[in-house]
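Contents: one structure, followed by commentary.
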Amino acid sequence: MKFITAGESHGPALTAIVSQVPSGIAIDIDAINSDLARRQGGYGRGGRMKIEKDKARILSGVRFSKSLGTPITLEVVNDDHKNWAGRMDVIGQAPDGLKRETHPRPGHADLVGMLKNDFDDARNVLERSSARETAARVAAGGVAKAFLREMGVEVYSVVTSIGGVCIPDDVPLQKDRAEESECRCPDVETTEKMKQAIDEAKEKGESLGGEVAVIATGLIPGLGSYVSGPDRLTSKLGAAAFSIPAIKGVEFGLGFESARRPGSLVHDGIVYDDANGYGRTGNNAGGLEGGMTTGEPLVMKLAMKPIPTMMKPLDTVDFDTHEPVKASKERSDVCAVPAMGVVAEAEVAMVLANAYQDKFGGDCMVDIKKSIESYLNRIKP
Ligand SMILES: Cc1cc2nc3c(=O)[nH]c(=O)nc-3n(C[C@H](O)[C@H](O)[C@H](O)COP(=O)(O)O)c2cc1C
């Protein structure tokens, strides 16, 4: 499965095309729309999310709720586009007196995007570098999640820190409890502290980042490869995580902590019993060894930097005059860590779906399932 997205933040719509999709996947549009709504939510989101009510429309590749094996096109309309008439028209000429964005925001793509593309208006950059694009990724990821659902695999995420407020180490990373929280954090007390941190940041014109854990359960051992660097599942998952705007760090399992411990306190012991076959005494590896799944849950952590658009804008220079000015203010989130978790689920789901297709064939669900069954019969008692 591969996907590409198209669309500008205030253009008519965002689109995703997912190709190399096997035939016979049950596609649940409600599940895709539920993820789009989850991406829009979370404490600390900006005014834009009040305007949009994201829903995906499937334009190709599905018939009677089953994938056909042809490319699936998903469209998410930007309701805000109508408010941008004359500023984001696709056809025609720029109107006289059009206000250009010439105060590039530190931490965003504005300045370098303008320089590299010979633009004198940062809007030509920010319309695409805006994380509004991630709505299309979530829609595309819904196809991968539907595939994985048929494999008994679930991908979910929980927020573990916002603005330095961290979940205590002994709190289990439970999906249901996270979904009940406005910060998508599975601890009630930490959620309240996170909300307070976001309120304080908002008051000061500040922004906050944080961390998310992405977990995939139900995976079988042996997805991915140890043979070549680019084929390692670790490298594919890392690349997918770093493809999300504002991600500055990725850890698997114990992550950076494993660099500080001796080997005996890092590596998970191997055990065997006649009923279940091979197993592990722990999951410090986060479900990956040698670039392959071990059969334990995949556990990844993603760190997101604070949002660069600030209501108390940072120092920058005017692109025309080079004079010092304050950075431009787009309507913006104070914190989008809970939303980022939903985007990360989509990215991770796409990589995992691909890993199944690489090992078990790519074009027909019935054949893929048979192939998995025969593999499991071989490796399990
Ligand atoms: C879900 C999500 C929502 C975001 N919302 C905003 C936003 O409202 N305003 C903003 O300036 N940046 C927002 N960002 C972050 C920018 O997209 C990101 O900081 C920017 O692309 C530059 O980051 P980079 O240098 O790491 O690519 C958001 C990111 C994500 C993942």
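Every chain in the structure tokens takes a letter, A first, then B, and so on in the order presented; its residues are numbered from 1, and the ligands are numbered from 1 following the presented order.
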Report as a PyMOL selection string all protein, DNA and RNA residues lying within 7 Å of range 80-85 of chain A, evaluated on only C-alpha atoms, omitting residues in the same chain fewer than 2 positions from it.
chain A and resi 10-12+51-52+78+87-89
Hey, which residues sit close to ligand 1? Say within 7 Å, counting only C-alpha atoms and all ligand atoms, and write them as a tab-separated table (two decimals) with C-alpha atoms, in the first residue's frame.
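File written: pocket.tsv
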```
chain	number	residue	atom	x	y	z
A	39	ARG	CA	-7.65	14.18	14.90
A	46	GLY	CA	-7.32	26.39	17.61
A	107	GLY	CA	10.12	27.06	13.50
A	108	HIS	CA	7.90	26.73	10.44
A	109	ALA	CA	8.66	26.09	6.77
A	129	SER	CA	3.31	22.85	5.15
A	130	SER	CA	0.35	23.37	7.49
A	131	ALA	CA	-0.54	20.20	9.36
A	132	ARG	CA	-4.07	20.49	7.97
A	134	THR	CA	-2.50	15.39	8.10
A	244	ILE	CA	4.89	13.97	10.65
A	245	PRO	CA	5.43	17.73	10.97
A	246	ALA	CA	7.06	18.84	14.24
A	247	ILE	CA	8.33	15.37	15.27
A	248	LYS	CA	11.79	15.78	16.78
A	305	LYS	CA	8.10	20.27	19.40
A	307	ILE	CA	3.66	24.78	17.74
A	308	PRO	CA	5.64	27.52	15.91
A	309	THR	CA	2.71	29.93	15.36
A	331	ARG	CA	-5.11	31.03	13.50
A	332	SER	CA	-3.37	28.24	15.37
A	333	ASP	CA	-3.35	25.48	17.96
A	336	ALA	CA	-1.72	19.58	19.00
A	337	VAL	CA	-0.08	16.61	20.72
A	339	ALA	CA	-4.06	15.17	17.36
A	340	MET	CA	-0.52	14.18	16.43
A	343	VAL	CA	-1.80	11.05	12.72
```
Quick one: of A:Pro221, A:Gly41, A:Pro381, A:Ala26, who's nearest to Asp273 in chain A, counting only C-alpha atoms?
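Closest to Asp273 in chain A, using only C-alpha atoms: A:Pro381.
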Do you have, as CSV, the list of residues of range 32-59 of chain A lying at most 9 Å from range 140-160 of chain A, each with its nearest atom pair and that distance in Å to one decimal, counting only C-alpha atoms and ordered by chain then number?
```
residue,atom,partner,partner_atom,distance
A:Ile32,CA,A:Gly142,CA,5.1
A:Asn33,CA,A:Gly142,CA,8.7
A:Asp35,CA,A:Gly142,CA,7.7
```
Pick out the closest residue to Gly253 in chain A from this set: A:Arg280, A:Lys301, A:Lys53, A:Lys236. Count only C-alpha atoms.
A:Lys301
Can you tell me which residues surround range 161-177 of chain A at a distance of at most 7 Å, considering only C-alpha atoms, apart from same-chain residues fewer than 4 positions away, and format the answer as an NGL selection string?
:A and (156-157 or 181 or 186-187 or 190 or 193-194 or 197 or 208-211)
So that I have them on file, write out the residues from the current selection with all heavy atoms, as a compact mmCIF listing (two decimals), in the first residue's frame.
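Everything below was put into part_0.txt:
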```txt
# COMPACT_ATOMS: atom_id res chain seq x y z
N TYR A 156 -3.15 1.96 18.26
CA TYR A 156 -3.72 3.08 19.01
C TYR A 156 -2.61 3.95 19.60
O TYR A 156 -1.42 3.60 19.51
CB TYR A 156 -4.69 2.59 20.10
CG TYR A 156 -4.09 1.74 21.19
CD1 TYR A 156 -3.63 2.31 22.37
CD2 TYR A 156 -3.97 0.37 21.04
CE1 TYR A 156 -3.08 1.54 23.38
CE2 TYR A 156 -3.42 -0.41 22.04
CZ TYR A 156 -2.97 0.17 23.20
OH TYR A 156 -2.42 -0.59 24.20
N SER A 157 -3.01 5.08 20.16
CA SER A 157 -2.01 5.98 20.72
C SER A 157 -2.51 6.59 22.02
O SER A 157 -3.73 6.71 22.21
CB SER A 157 -1.69 7.11 19.73
OG SER A 157 -2.83 7.93 19.54
N SER A 181 -10.15 10.93 27.78
CA SER A 181 -9.47 12.13 28.27
C SER A 181 -9.42 13.21 27.19
O SER A 181 -9.18 12.91 26.02
CB SER A 181 -8.04 11.75 28.68
OG SER A 181 -7.16 12.84 28.59
N PRO A 186 -4.13 8.63 29.47
CA PRO A 186 -4.92 7.65 30.23
C PRO A 186 -4.94 7.87 31.74
O PRO A 186 -5.34 6.96 32.47
CB PRO A 186 -4.23 6.32 29.88
CG PRO A 186 -2.87 6.68 29.44
CD PRO A 186 -2.91 8.06 28.90
N ASP A 187 -4.53 9.01 32.24
CA ASP A 187 -4.56 9.27 33.68
C ASP A 187 -5.34 10.57 33.93
O ASP A 187 -5.00 11.63 33.38
CB ASP A 187 -3.12 9.39 34.20
CG ASP A 187 -3.08 9.53 35.71
OD1 ASP A 187 -3.69 8.68 36.40
OD2 ASP A 187 -2.47 10.49 36.21
N THR A 190 -3.26 13.48 35.60
CA THR A 190 -2.29 14.09 34.66
C THR A 190 -3.03 14.90 33.60
O THR A 190 -2.55 15.97 33.19
CB THR A 190 -1.43 12.99 33.98
OG1 THR A 190 -0.98 12.09 34.97
CG2 THR A 190 -0.24 13.57 33.26
N LYS A 193 -3.68 18.29 34.93
CA LYS A 193 -2.44 19.10 34.96
C LYS A 193 -2.05 19.56 33.54
O LYS A 193 -1.56 20.66 33.33
CB LYS A 193 -1.29 18.30 35.57
CG LYS A 193 -1.44 18.11 37.07
CD LYS A 193 -0.22 17.38 37.61
CE LYS A 193 -0.46 16.94 39.05
NZ LYS A 193 0.35 15.81 39.44
N MET A 194 -2.27 18.67 32.59
CA MET A 194 -1.95 19.03 31.19
C MET A 194 -2.86 20.18 30.73
O MET A 194 -2.40 21.13 30.08
CB MET A 194 -2.16 17.82 30.27
CG MET A 194 -1.10 16.75 30.39
SD MET A 194 -1.55 15.27 29.45
CE MET A 194 -0.01 14.35 29.52
N ALA A 197 -1.67 23.34 32.13
CA ALA A 197 -0.46 23.82 31.44
C ALA A 197 -0.85 24.47 30.10
O ALA A 197 -0.28 25.50 29.71
CB ALA A 197 0.50 22.65 31.21
N LEU A 208 2.83 24.64 23.24
CA LEU A 208 3.43 23.49 23.93
C LEU A 208 3.57 22.28 23.01
O LEU A 208 2.73 22.06 22.13
CB LEU A 208 2.58 23.07 25.14
CG LEU A 208 2.41 24.08 26.29
CD1 LEU A 208 1.50 23.50 27.36
CD2 LEU A 208 3.76 24.46 26.89
N GLY A 209 4.60 21.49 23.27
CA GLY A 209 4.76 20.19 22.61
C GLY A 209 4.50 19.06 23.59
O GLY A 209 3.93 19.30 24.67
N GLY A 210 4.94 17.88 23.24
CA GLY A 210 4.73 16.75 24.15
C GLY A 210 5.06 15.44 23.47
O GLY A 210 5.62 15.40 22.37
N GLU A 211 4.70 14.36 24.17
CA GLU A 211 5.04 13.02 23.68
C GLU A 211 3.81 12.11 23.59
O GLU A 211 2.88 12.25 24.38
CB GLU A 211 6.04 12.36 24.62
CG GLU A 211 7.41 12.99 24.61
CD GLU A 211 8.13 12.76 25.92
OE1 GLU A 211 8.80 11.72 26.05
OE2 GLU A 211 8.00 13.61 26.82
```
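Nearest residue to Gly361 in chain A, choosing from A:Gly229, A:Gln20, A:Lys66, A:Glu257 and counting only C-alpha atoms: A:Gln20.
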Shell around Lys55 in chain A at 10 Å using only C-alpha atoms, local window under 6 positions removed, as a short mmCIF file (atom, residue, chain, number, x, y, z; two decimals) with all heavy atoms, in the first residue's frame:
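Final output, out_15.cif:
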```cif
data_model
loop_
_atom_site.label_atom_id
_atom_site.label_comp_id
_atom_site.auth_asym_id
_atom_site.auth_seq_id
_atom_site.Cartn_x
_atom_site.Cartn_y
_atom_site.Cartn_z
N ILE A 29 -16.48 3.28 6.57
CA ILE A 29 -16.35 4.74 6.46
C ILE A 29 -16.55 5.41 7.82
O ILE A 29 -15.94 6.45 8.11
CB ILE A 29 -17.31 5.31 5.37
CG1 ILE A 29 -17.02 6.79 5.08
CG2 ILE A 29 -18.76 5.13 5.74
CD1 ILE A 29 -15.77 7.06 4.32
N ASP A 30 -17.38 4.81 8.67
CA ASP A 30 -17.60 5.40 10.00
C ASP A 30 -16.31 5.37 10.83
O ASP A 30 -16.03 6.30 11.60
CB ASP A 30 -18.70 4.65 10.76
CG ASP A 30 -20.05 4.86 10.11
OD1 ASP A 30 -20.20 5.87 9.38
OD2 ASP A 30 -20.95 4.02 10.31
N ILE A 32 -13.27 5.51 9.61
CA ILE A 32 -12.39 6.55 9.06
C ILE A 32 -12.83 7.92 9.58
O ILE A 32 -12.02 8.73 10.03
CB ILE A 32 -12.39 6.50 7.51
CG1 ILE A 32 -11.79 5.18 7.03
CG2 ILE A 32 -11.63 7.69 6.92
CD1 ILE A 32 -11.87 4.94 5.53
N ASN A 33 -14.15 8.17 9.55
CA ASN A 33 -14.64 9.47 10.01
C ASN A 33 -14.44 9.65 11.51
O ASN A 33 -14.22 10.78 11.98
CB ASN A 33 -16.12 9.62 9.63
CG ASN A 33 -16.27 9.90 8.15
OD1 ASN A 33 -15.35 10.44 7.52
ND2 ASN A 33 -17.40 9.53 7.57
N SER A 34 -14.50 8.56 12.24
CA SER A 34 -14.27 8.66 13.68
C SER A 34 -12.80 9.07 13.94
O SER A 34 -12.53 9.91 14.80
CB SER A 34 -14.62 7.32 14.32
OG SER A 34 -13.89 7.11 15.48
N ASP A 35 -11.87 8.53 13.16
CA ASP A 35 -10.46 8.94 13.31
C ASP A 35 -10.27 10.40 12.89
O ASP A 35 -9.48 11.13 13.51
CB ASP A 35 -9.54 8.04 12.48
CG ASP A 35 -9.20 6.75 13.22
OD1 ASP A 35 -9.50 6.66 14.43
OD2 ASP A 35 -8.64 5.84 12.59
N LEU A 36 -10.98 10.83 11.85
CA LEU A 36 -10.87 12.24 11.44
C LEU A 36 -11.36 13.15 12.57
O LEU A 36 -10.76 14.20 12.85
CB LEU A 36 -11.68 12.50 10.17
CG LEU A 36 -11.06 11.94 8.88
CD1 LEU A 36 -12.04 12.02 7.72
CD2 LEU A 36 -9.77 12.69 8.53
N ALA A 37 -12.43 12.73 13.24
CA ALA A 37 -12.96 13.53 14.37
C ALA A 37 -11.97 13.51 15.53
O ALA A 37 -11.74 14.53 16.20
CB ALA A 37 -14.31 12.98 14.81
N LEU A 74 -9.72 9.29 -1.44
CA LEU A 74 -10.52 9.83 -0.33
C LEU A 74 -10.43 11.35 -0.35
O LEU A 74 -9.32 11.90 -0.52
CB LEU A 74 -9.99 9.32 1.02
CG LEU A 74 -9.98 7.81 1.17
CD1 LEU A 74 -8.56 7.30 1.29
CD2 LEU A 74 -10.79 7.38 2.37
N GLU A 75 -11.56 12.00 -0.20
CA GLU A 75 -11.59 13.46 -0.24
C GLU A 75 -12.12 13.99 1.10
O GLU A 75 -13.11 13.49 1.62
CB GLU A 75 -12.51 13.92 -1.37
CG GLU A 75 -12.57 15.42 -1.50
CD GLU A 75 -13.72 15.86 -2.41
OE1 GLU A 75 -14.89 15.54 -2.10
OE2 GLU A 75 -13.45 16.54 -3.40
N VAL A 76 -11.42 15.00 1.63
CA VAL A 76 -11.90 15.69 2.83
C VAL A 76 -12.05 17.17 2.44
O VAL A 76 -11.05 17.85 2.16
CB VAL A 76 -10.91 15.55 4.02
CG1 VAL A 76 -11.43 16.29 5.24
CG2 VAL A 76 -10.65 14.08 4.33
N VAL A 77 -13.27 17.64 2.42
CA VAL A 77 -13.54 19.01 1.98
C VAL A 77 -13.10 20.00 3.07
O VAL A 77 -13.25 19.73 4.26
CB VAL A 77 -15.05 19.17 1.67
CG1 VAL A 77 -15.45 20.63 1.53
CG2 VAL A 77 -15.39 18.40 0.41
N ASN A 78 -12.50 21.13 2.64
CA ASN A 78 -12.18 22.22 3.58
C ASN A 78 -13.36 23.18 3.62
O ASN A 78 -13.54 23.99 2.70
CB ASN A 78 -10.93 22.99 3.10
CG ASN A 78 -9.65 22.21 3.27
OD1 ASN A 78 -9.48 21.50 4.25
ND2 ASN A 78 -8.75 22.35 2.31
N ALA A 135 -4.93 15.61 7.90
CA ALA A 135 -6.29 15.03 7.85
C ALA A 135 -6.35 14.00 6.72
O ALA A 135 -6.95 12.92 6.86
CB ALA A 135 -7.33 16.13 7.63
N ALA A 139 -7.18 9.90 6.82
CA ALA A 139 -8.15 9.22 5.94
C ALA A 139 -7.47 8.04 5.24
O ALA A 139 -8.01 6.92 5.22
CB ALA A 139 -8.72 10.21 4.93
#
```
Per DSSP on the backbone, filter range 46-200 of chain A down to the residues in helix (DSSP H, G or I) and report them as number ranges by chain.
A: 48-51, 79-84, 110-117, 123-129, 131-150, 175-179, 188-200
Skip Gly277 in chain A itself and residues of its chain fewer than 3 positions away, then list as a PyMOL selection string all residues within 10 Å of it, counting only C-alpha atoms.
chain A and resi 271-274+379-381
Which residue out of A:Gly86, A:Ala16, A:Val351, A:Asp363 has the minimum interatomic distance to Leu59 in chain A when only C-alpha atoms are used?
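Closest candidate: A:Ala16.
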Tell me which protein, DNA and RNA residues are within 10 Å of Arg63 in chain A, counting only C-alpha atoms, leaving out same-chain ones fewer than 3 positions away, and put them as a CSV table (one decimal) with C-alpha atoms, in the first residue's frame.
```csv
chain,number,residue,atom,x,y,z
A,24,GLY,CA,-11.6,-7.7,-0.3
A,26,ALA,CA,-14.0,-4.4,4.5
A,27,ILE,CA,-13.9,-0.6,4.5
A,58,ILE,CA,-14.6,7.8,-1.0
A,60,SER,CA,-12.9,5.3,-6.1
A,66,LYS,CA,-15.2,-3.8,0.0
A,67,SER,CA,-12.0,-2.7,-1.6
A,68,LEU,CA,-11.7,-3.6,-5.3
```
So which bits of range 168-256 of chain A end up strand (DSSP E or B) when you DSSP the backbone, as a VMD selection string?
chain A and resid 210 to 217 224 247 to 252
Residue among A:Ala275, A:Leu352, A:Ile91, A:Val317 lying closest to Leu219 in chain A, counting only C-alpha atoms
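Of A:Ala275, A:Leu352, A:Ile91, A:Val317, the one nearest Leu219 in chain A is A:Leu352, counting only C-alpha atoms.
Compared by their closest atoms to Leu14 in chain A, and using only C-alpha atoms, the residues A:Lys2, A:Lys202, A:Arg57, A:Arg38 rank with A:Arg57 nearest.
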